[in-house]
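*Asks:* Below is structure.txt; it holds compact mmCIF, C-alpha atoms and all ligand atoms.
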```txt
# COMPACT_ATOMS: atom_id res chain seq x y z
CA MET A 29 -6.02 -15.95 -0.30
CA ARG A 30 -5.93 -12.92 2.02
CA ILE A 31 -8.97 -11.32 3.62
CA ASN A 32 -9.28 -8.09 5.61
CA ASN A 33 -12.11 -8.83 8.04
CA VAL A 34 -13.58 -12.09 9.25
CA ASN A 35 -16.25 -12.04 11.96
CA LEU A 36 -16.92 -15.00 14.20
CA THR A 37 -19.89 -14.96 16.54
CA PRO A 38 -19.50 -17.32 19.52
CA THR A 39 -23.03 -16.39 20.55
CA MET A 40 -25.88 -14.35 19.16
CA ARG A 41 -27.35 -13.94 22.64
CA CYS A 42 -27.21 -10.42 24.04
CA ASN A 43 -28.10 -8.70 27.30
CA LEU A 44 -29.37 -5.61 25.45
CA LYS A 45 -32.34 -5.16 23.12
CA CYS A 46 -31.32 -2.42 20.73
CA LYS A 47 -34.12 -1.24 18.48
CA LEU A 48 -31.76 -0.64 15.53
CA CYS A 49 -29.55 -3.69 16.06
CA GLY A 50 -28.06 -4.17 12.59
CA VAL A 51 -28.47 -7.95 12.76
CA LEU A 52 -31.84 -7.87 14.55
CA VAL A 53 -30.78 -9.89 17.56
CA PRO A 54 -33.59 -8.88 19.91
CA GLN A 55 -36.28 -9.05 17.25
CA TYR A 56 -36.02 -12.82 16.80
CA ASP A 57 -35.80 -15.62 19.38
CA TYR A 58 -33.31 -17.68 17.35
CA ARG A 59 -29.89 -16.75 18.78
CA PRO A 60 -27.44 -19.52 17.92
CA GLN A 61 -24.44 -20.17 20.13
CA MET A 62 -21.38 -22.19 19.12
CA ASP A 63 -19.84 -24.63 21.54
CA GLU A 64 -16.05 -24.84 21.64
CA GLN A 65 -16.01 -27.79 19.25
CA GLU A 66 -18.04 -26.01 16.59
CA PHE A 67 -15.94 -22.88 17.06
CA ASN A 68 -12.75 -24.89 16.54
CA GLU A 69 -14.19 -26.61 13.48
CA THR A 70 -15.05 -23.17 12.10
CA LEU A 71 -11.52 -21.88 12.70
CA ASN A 72 -10.02 -24.99 11.09
CA ALA A 73 -12.32 -24.76 8.08
CA LEU A 74 -11.61 -21.05 7.63
CA PHE A 75 -7.83 -21.31 7.78
CA ASN A 76 -7.87 -24.38 5.56
CA VAL A 77 -9.12 -22.10 2.79
CA VAL A 78 -7.92 -18.61 3.73
CA ASP A 79 -4.18 -18.07 4.08
CA HIS A 80 -4.25 -14.83 6.00
CA VAL A 81 -6.77 -12.59 7.76
CA LYS A 82 -5.93 -9.02 8.67
CA ARG A 83 -8.52 -8.72 11.45
CA LEU A 84 -10.20 -11.65 13.10
CA GLN A 85 -13.23 -10.07 14.77
CA ILE A 86 -15.13 -11.68 17.64
CA THR A 87 -18.58 -10.23 17.76
CA GLY A 88 -22.21 -11.25 18.17
CA GLY A 89 -24.61 -10.78 19.86
CA GLU A 90 -22.57 -10.01 22.94
CA PRO A 91 -19.51 -12.26 23.13
CA LEU A 92 -19.34 -11.97 26.93
CA MET A 93 -22.65 -13.87 27.10
CA HIS A 94 -20.72 -16.98 26.04
CA PRO A 95 -19.74 -18.85 29.22
CA ASN A 96 -16.49 -20.12 27.70
CA LEU A 97 -15.40 -17.02 25.83
CA HIS A 98 -11.95 -17.35 27.39
CA ILE A 99 -11.47 -20.79 25.80
CA ILE A 100 -12.75 -19.60 22.45
CA LEU A 101 -10.45 -16.57 22.46
CA ASP A 102 -7.46 -18.69 23.41
CA ASP A 103 -8.30 -21.17 20.65
CA CYS A 104 -8.12 -18.38 18.07
CA PHE A 105 -4.46 -17.89 18.91
CA LYS A 106 -3.58 -21.38 17.73
CA TYR A 107 -3.79 -19.62 14.39
CA SER A 108 -2.05 -16.40 15.42
CA TYR A 109 0.45 -16.88 12.54
CA LYS A 110 -2.55 -16.59 10.20
CA PHE A 111 -3.95 -13.25 11.36
CA ASP A 112 -2.58 -9.80 12.22
CA GLU A 113 -5.00 -8.72 14.95
CA LEU A 114 -7.92 -10.03 16.96
CA TRP A 115 -10.62 -7.47 17.69
CA LEU A 116 -13.16 -8.25 20.41
CA PHE A 117 -16.39 -6.24 20.20
CA SER A 118 -18.48 -5.79 23.33
CA ASN A 119 -21.19 -3.49 24.58
CA CYS A 120 -19.10 -3.53 27.79
CA SER A 121 -22.20 -3.54 29.99
CA ILE A 122 -21.35 -6.98 31.41
CA PRO A 123 -18.34 -7.33 33.72
CA PHE A 124 -15.26 -8.77 32.04
CA ARG A 125 -14.57 -12.06 33.83
CA ASP A 126 -11.07 -12.70 35.17
CA ASN A 127 -10.53 -15.62 32.79
CA VAL A 128 -11.40 -13.42 29.78
CA LEU A 129 -9.11 -10.63 30.97
CA SER A 130 -6.34 -13.12 31.54
CA VAL A 131 -6.53 -14.45 27.95
CA LEU A 132 -6.72 -10.94 26.52
CA LYS A 133 -3.65 -10.00 28.54
CA LYS A 134 -1.81 -13.13 27.43
CA HIS A 135 -2.26 -12.16 23.79
CA LYS A 136 -2.28 -8.38 24.17
CA GLU A 137 0.25 -7.81 21.35
CA LYS A 138 -2.44 -8.80 18.86
CA VAL A 139 -5.62 -7.86 20.73
CA MET A 140 -7.82 -4.78 20.43
CA VAL A 141 -11.03 -4.57 22.47
CA HIS A 142 -13.80 -2.30 21.19
CA CYS A 143 -15.99 -1.14 24.06
CA SER A 144 -19.21 0.34 22.69
CA ASP A 145 -20.84 2.18 25.56
CA TYR A 146 -24.57 2.73 25.00
CA GLY A 147 -24.90 4.37 28.43
CA LYS A 148 -26.99 1.48 29.76
CA ASN A 149 -24.70 0.26 32.52
CA MET A 150 -22.03 2.91 32.82
CA ASP A 151 -20.66 1.75 36.19
CA VAL A 152 -19.84 -1.64 34.67
CA SER A 153 -18.44 -0.04 31.54
CA GLN A 154 -16.13 2.20 33.58
CA THR A 155 -14.99 -0.74 35.70
CA ASN A 156 -14.30 -2.74 32.54
CA ASN A 157 -12.23 0.12 31.12
CA LYS A 158 -10.25 0.29 34.36
CA LEU A 159 -9.62 -3.45 34.28
CA LEU A 160 -8.43 -3.28 30.69
CA VAL A 161 -6.05 -0.44 31.56
CA GLU A 162 -4.69 -2.41 34.53
CA ALA A 163 -4.21 -5.50 32.37
CA GLU A 164 -2.53 -3.31 29.71
CA VAL A 165 -4.92 -4.67 27.09
CA PRO A 166 -5.29 -2.26 24.16
CA PHE A 167 -8.87 -1.05 23.80
CA LYS A 168 -10.97 1.63 22.18
CA TYR A 169 -13.79 3.25 24.06
CA LEU A 170 -16.64 4.27 21.76
CA LYS A 171 -19.13 6.66 23.30
CA TYR A 172 -22.61 5.91 21.97
CA TYR A 173 -24.84 7.92 24.30
CA GLY A 174 -25.81 11.55 24.86
CA GLU A 175 -24.36 14.28 22.66
CA ASN A 176 -21.47 13.79 20.22
CA GLN A 177 -21.93 10.06 19.73
CA TYR A 178 -19.23 8.12 17.96
CA PHE A 179 -19.87 8.13 14.21
CA ASP A 180 -22.75 10.59 14.94
CA GLY A 181 -24.82 7.58 16.08
CA TRP A 182 -26.23 4.67 14.15
CA VAL A 183 -27.78 4.17 10.75
CA ASP A 184 -31.03 2.24 10.27
CA ASN A 185 -30.44 -0.84 8.14
CA GLY A 186 -34.09 -1.82 8.30
CA ASP A 187 -35.94 -5.06 8.85
CA PHE A 188 -35.51 -8.03 6.53
CA ILE A 189 -38.19 -6.80 4.15
CA ALA A 190 -37.74 -7.11 0.39
CA HIS A 191 -37.46 -3.75 -1.37
CA HIS A 192 -37.92 -5.27 -4.86
CA ARG A 193 -35.23 -3.03 -6.33
CA SER A 194 -33.78 -3.54 -9.78
CA VAL A 195 -30.49 -5.43 -10.14
CA GLU A 196 -28.77 -2.12 -10.94
CA GLU A 197 -30.15 -0.53 -7.78
CA ASN A 198 -28.97 -3.44 -5.63
CA GLU A 199 -25.57 -3.30 -7.29
CA ALA A 200 -25.39 0.37 -6.34
CA ILE A 201 -26.35 -0.48 -2.74
CA PHE A 202 -23.68 -3.18 -2.64
CA SER A 203 -20.92 -1.02 -4.11
CA SER A 204 -21.72 1.81 -1.64
CA CYS A 205 -21.69 -0.52 1.36
CA THR A 206 -18.98 0.18 3.91
CA HIS A 207 -18.56 -3.51 4.53
CA VAL A 208 -18.02 -4.25 0.87
CA ASN A 209 -15.59 -1.37 0.51
CA ARG A 210 -13.50 -2.86 3.29
CA GLY A 211 -13.10 -5.96 1.16
CA GLY A 212 -16.04 -7.63 2.84
CA SER A 213 -17.03 -7.94 6.44
CA TRP A 214 -17.18 -11.71 6.19
CA TYR A 215 -19.29 -13.58 8.73
CA ILE A 216 -19.14 -17.29 9.38
CA ARG A 217 -21.83 -19.33 11.14
CA HIS A 218 -23.01 -22.90 10.56
CA GLY A 219 -19.90 -23.21 8.34
CA GLN A 220 -21.35 -20.65 5.94
CA MET A 221 -19.17 -17.71 4.97
CA HIS A 222 -21.23 -14.67 3.93
CA TRP A 223 -20.29 -11.17 2.80
CA CYS A 224 -21.95 -9.51 5.79
CA GLY A 225 -23.80 -10.12 9.04
CA ARG A 226 -27.17 -9.26 7.57
CA SER A 227 -26.85 -11.89 4.86
CA ILE A 228 -26.10 -14.64 7.37
CA ARG A 229 -28.68 -13.49 9.93
CA GLY A 230 -31.48 -12.99 7.41
CA THR A 231 -30.92 -16.38 5.80
CA GLU A 232 -30.61 -18.32 9.06
CA LEU A 233 -33.97 -16.80 10.06
CA ASN A 234 -35.47 -17.74 6.68
CA LYS A 235 -36.26 -14.08 6.11
CA ILE A 236 -33.92 -13.90 3.11
CA PRO A 237 -33.76 -16.73 0.55
CA LEU A 238 -30.55 -18.73 0.89
CA ASP A 239 -28.85 -18.74 -2.52
CA LYS A 240 -25.72 -20.88 -2.97
CA LYS A 241 -24.20 -18.06 -5.04
CA ASP A 242 -24.16 -15.78 -1.97
CA TYR A 243 -21.96 -17.79 0.39
CA LEU A 244 -19.23 -20.38 0.67
CA ASP A 245 -19.96 -23.60 2.54
CA LEU A 246 -16.74 -24.17 4.46
CA PHE A 247 -18.11 -27.39 5.99
CA ASP A 248 -18.89 -28.99 2.62
CA THR A 249 -16.97 -32.28 2.72
CA THR A 250 -17.46 -32.93 -1.00
CA THR A 251 -15.35 -29.91 -2.01
CA SER A 252 -11.57 -29.73 -1.60
CA ALA A 253 -9.75 -26.77 -0.04
CA ASP A 254 -8.46 -25.72 -3.47
CA GLU A 255 -11.96 -25.83 -4.91
CA LYS A 256 -13.22 -23.77 -1.98
CA LYS A 257 -10.50 -21.18 -2.61
CA LYS A 258 -11.71 -20.88 -6.20
CA LEU A 259 -15.33 -20.60 -5.07
CA LEU A 260 -14.34 -17.87 -2.62
CA GLU A 261 -12.50 -15.99 -5.36
CA GLU A 262 -15.68 -16.13 -7.44
CA LEU A 263 -17.78 -15.00 -4.47
CA MET A 264 -15.46 -12.03 -4.01
CA LYS A 265 -16.21 -10.89 -7.56
CA VAL A 266 -20.01 -10.69 -7.26
CA ARG A 267 -21.63 -7.28 -7.78
CA THR A 268 -24.48 -7.74 -5.32
CA ILE A 269 -26.00 -10.38 -3.04
CA THR A 270 -29.60 -11.33 -2.35
CA ALA A 271 -29.46 -9.72 1.11
CA CYS A 272 -28.93 -6.24 -0.38
CA ASP A 273 -32.55 -6.18 -1.51
CA TYR A 274 -33.52 -6.77 2.14
CA CYS A 275 -31.29 -4.01 3.51
CA ASN A 276 -31.52 -0.22 3.61
CA GLY A 277 -27.81 -0.21 2.84
CA TYR A 278 -24.82 0.75 4.91
CA TYR A 279 -23.37 3.95 3.54
CA GLY A 280 -20.92 4.25 6.34
CA THR A 281 -18.49 7.09 6.36
CA ASN A 282 -20.09 9.33 3.78
CA ASP A 283 -22.99 11.51 4.90
CA ILE A 284 -25.85 10.04 2.89
CA SER A 285 -27.38 7.99 5.70
CA LYS A 286 -29.49 9.57 8.37
CA ARG A 287 -28.09 8.98 11.86
CA TYR A 288 -30.10 7.86 14.91
CA PRO A 289 -29.25 7.73 18.61
CA ALA A 290 -27.43 4.45 19.20
CA GLY A 291 -28.57 1.72 21.54
CA GLU A 292 -32.17 2.84 22.03
CA GLN A 293 -33.88 -0.13 23.74
CA ILE A 294 -37.14 -1.84 22.82
S1 LIG A 301 -25.69 -4.68 21.98
FE1 LIG A 301 -27.45 -4.05 20.78
S2 LIG A 301 -26.62 -3.84 18.68
FE2 LIG A 301 -25.18 -5.10 19.83
S3 LIG A 301 -25.84 -7.21 19.43
FE3 LIG A 301 -26.82 -6.55 21.34
S4 LIG A 301 -28.84 -5.84 20.68
FE4 LIG A 301 -27.53 -5.91 18.85
S1 LIG A 302 -26.96 -6.64 2.75
FE1 LIG A 302 -25.73 -5.63 1.16
S2 LIG A 302 -25.85 -3.43 1.64
FE2 LIG A 302 -26.58 -4.54 3.47
S3 LIG A 302 -24.76 -4.76 4.77
FE3 LIG A 302 -24.86 -6.62 3.48
S4 LIG A 302 -23.61 -6.20 1.65
FE4 LIG A 302 -24.03 -4.23 2.68
```
Could you write out this structure as structure tokens?
*Replies:*
Amino acid sequence: MRINNVNLTPTMRCNLKCKLCGVLVPQYDYRPQMDEQEFNETLNALFNVVDHVKRLQITGGEPLMHPNLHIILDDCFKYSYKFDELWLFSNCSIPFRDNVLSVLKKHKEKVMVHCSDYGKNMDVSQTNNKLLVEAEVPFKYLKYYGENQYFDGWVDNGDFIAHHRSVEENEAIFSSCTHVNRGGSWYIRHGQMHWCGRSIRGTELNKIPLDKKDYLDLFDTTTSADEKKKLLEELMKVRTITACDYCNGYYGTNDISKRYPAGEQI
């Protein structure tokens, strides 16, 4: 059982309030945060079922809002034999703490930091970039302000409002989705493993009906690891998920989707 992308969200808190946040962080007060124990249980449950992950992605929310991000990052590397790379996503508008930099440096052979700069706190962003260079931590700087924004800016995935499309239309949305075409951009929270961040966010907010067919319950103690592997194989074969009817659709790298300036604040 090999998976390309798994996203873990230590915290859904964020210091920014982006109008087009794809997972609607600022729009809803519920912003769950995992403590180190829950994070470890999530890692254990994941790697009990999945043999290998290409990219383990730490995202949110803003991961730097978690007070013990350094511990959480270090804990991931207990499983370094099970993944190729760890990508840390940040809006880079909060200073990188020494303890976080130190862990990133310790594991720099497998680390890639993605600094998305929305132009909101550019002094901090530039200092962070300097610190990453000094620590020799690989990172990508993504310019998301002014002219020539990375990816031409953002797409608008919409609120969690049902579109009432036909099954065929939702299958088309699903098959066009960038996340799906990457083999899934799997998100895990509350032990639930979903195809994408919108599915998990919409269901945890009770904005999208939670259907057992749309996720794998990694914390289910009545199901063995082998049974969970089979359930995950089945989940990987679905042609759409409930959340697609509540999404404008991510078209990603083709030019169908209109682009908007990134990081506009509410
Ligand atoms: S930085 Fe903006 S897009 Fe990213 S999680 Fe925070 S509010 Fe959402
Ligand atoms: S809800 Fe469907 S279309 Fe939207 S991001 Fe998730 S898988 Fe893609």
*Asks:* List all protein, DNA and RNA residues that have at least one atom no more than 7 Å from any atom of ligand LIG 302 (chain A), counting all atoms listed in the file, and write them as a ChimeraX atom specification.
*Replies:* /A:201-202,205-208,223-227,268-269,271-272,274-278
*Asks:* With distances taken over all atoms listed in the file, which residue among A:Phe247, A:Phe117, A:Trp182, A:Phe124 lies nearest A:Val152?
*Replies:*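 Checking each of A:Phe247, A:Phe117, A:Trp182, A:Phe124 against A:Val152, counting all atoms listed in the file, the winner is A:Phe124.
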*Asks:* Step by step, measure atom-to-atom distances between ligand LIG 301 (chain A) and each residue using only C-alpha atoms and all ligand atoms, keep those at most 12 Å, then write them as a ChimeraX atom specification.
*Replies:* /A:37-56,59,86-93,117-122,142-149,172,181-185,225-226,229,289-294
*Asks:* Any chance you can output those residues with C-alpha atoms as a short mmCIF file (atom, residue, chain, number, x, y, z; two decimals), in the frame of the given file?
*Replies:*
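Once everything was written out, this is part.cif:
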```cif
data_model
loop_
_atom_site.label_atom_id
_atom_site.label_comp_id
_atom_site.auth_asym_id
_atom_site.auth_seq_id
_atom_site.Cartn_x
_atom_site.Cartn_y
_atom_site.Cartn_z
CA THR A 37 -19.89 -14.96 16.54
CA PRO A 38 -19.50 -17.32 19.52
CA THR A 39 -23.03 -16.39 20.55
CA MET A 40 -25.88 -14.35 19.16
CA ARG A 41 -27.35 -13.94 22.64
CA CYS A 42 -27.21 -10.42 24.04
CA ASN A 43 -28.10 -8.70 27.30
CA LEU A 44 -29.37 -5.61 25.45
CA LYS A 45 -32.34 -5.16 23.12
CA CYS A 46 -31.32 -2.42 20.73
CA LYS A 47 -34.12 -1.24 18.48
CA LEU A 48 -31.76 -0.64 15.53
CA CYS A 49 -29.55 -3.69 16.06
CA GLY A 50 -28.06 -4.17 12.59
CA VAL A 51 -28.47 -7.95 12.76
CA LEU A 52 -31.84 -7.87 14.55
CA VAL A 53 -30.78 -9.89 17.56
CA PRO A 54 -33.59 -8.88 19.91
CA GLN A 55 -36.28 -9.05 17.25
CA TYR A 56 -36.02 -12.82 16.80
CA ARG A 59 -29.89 -16.75 18.78
CA ILE A 86 -15.13 -11.68 17.64
CA THR A 87 -18.58 -10.23 17.76
CA GLY A 88 -22.21 -11.25 18.17
CA GLY A 89 -24.61 -10.78 19.86
CA GLU A 90 -22.57 -10.01 22.94
CA PRO A 91 -19.51 -12.26 23.13
CA LEU A 92 -19.34 -11.97 26.93
CA MET A 93 -22.65 -13.87 27.10
CA PHE A 117 -16.39 -6.24 20.20
CA SER A 118 -18.48 -5.79 23.33
CA ASN A 119 -21.19 -3.49 24.58
CA CYS A 120 -19.10 -3.53 27.79
CA SER A 121 -22.20 -3.54 29.99
CA ILE A 122 -21.35 -6.98 31.41
CA HIS A 142 -13.80 -2.30 21.19
CA CYS A 143 -15.99 -1.14 24.06
CA SER A 144 -19.21 0.34 22.69
CA ASP A 145 -20.84 2.18 25.56
CA TYR A 146 -24.57 2.73 25.00
CA GLY A 147 -24.90 4.37 28.43
CA LYS A 148 -26.99 1.48 29.76
CA ASN A 149 -24.70 0.26 32.52
CA TYR A 172 -22.61 5.91 21.97
CA GLY A 181 -24.82 7.58 16.08
CA TRP A 182 -26.23 4.67 14.15
CA VAL A 183 -27.78 4.17 10.75
CA ASP A 184 -31.03 2.24 10.27
CA ASN A 185 -30.44 -0.84 8.14
CA GLY A 225 -23.80 -10.12 9.04
CA ARG A 226 -27.17 -9.26 7.57
CA ARG A 229 -28.68 -13.49 9.93
CA PRO A 289 -29.25 7.73 18.61
CA ALA A 290 -27.43 4.45 19.20
CA GLY A 291 -28.57 1.72 21.54
CA GLU A 292 -32.17 2.84 22.03
CA GLN A 293 -33.88 -0.13 23.74
CA ILE A 294 -37.14 -1.84 22.82
#
```
*Asks:* What separation in Å, quoted to one decimal, exists between atom CA of A:Ala73 and atom CA of A:Arg217?
*Replies:*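 Atom CA of A:Ala73 sits 11.4 Å away from atom CA of A:Arg217.
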*Asks:* Compare A:Val141, A:Met264, A:Ile216, A:Leu132 by their minimum atom-to-atom distance to A:Glu69, counting all atoms listed in the file, and give me the closest one.
*Replies:*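 For A:Glu69, the nearest of the given residues is A:Ile216.
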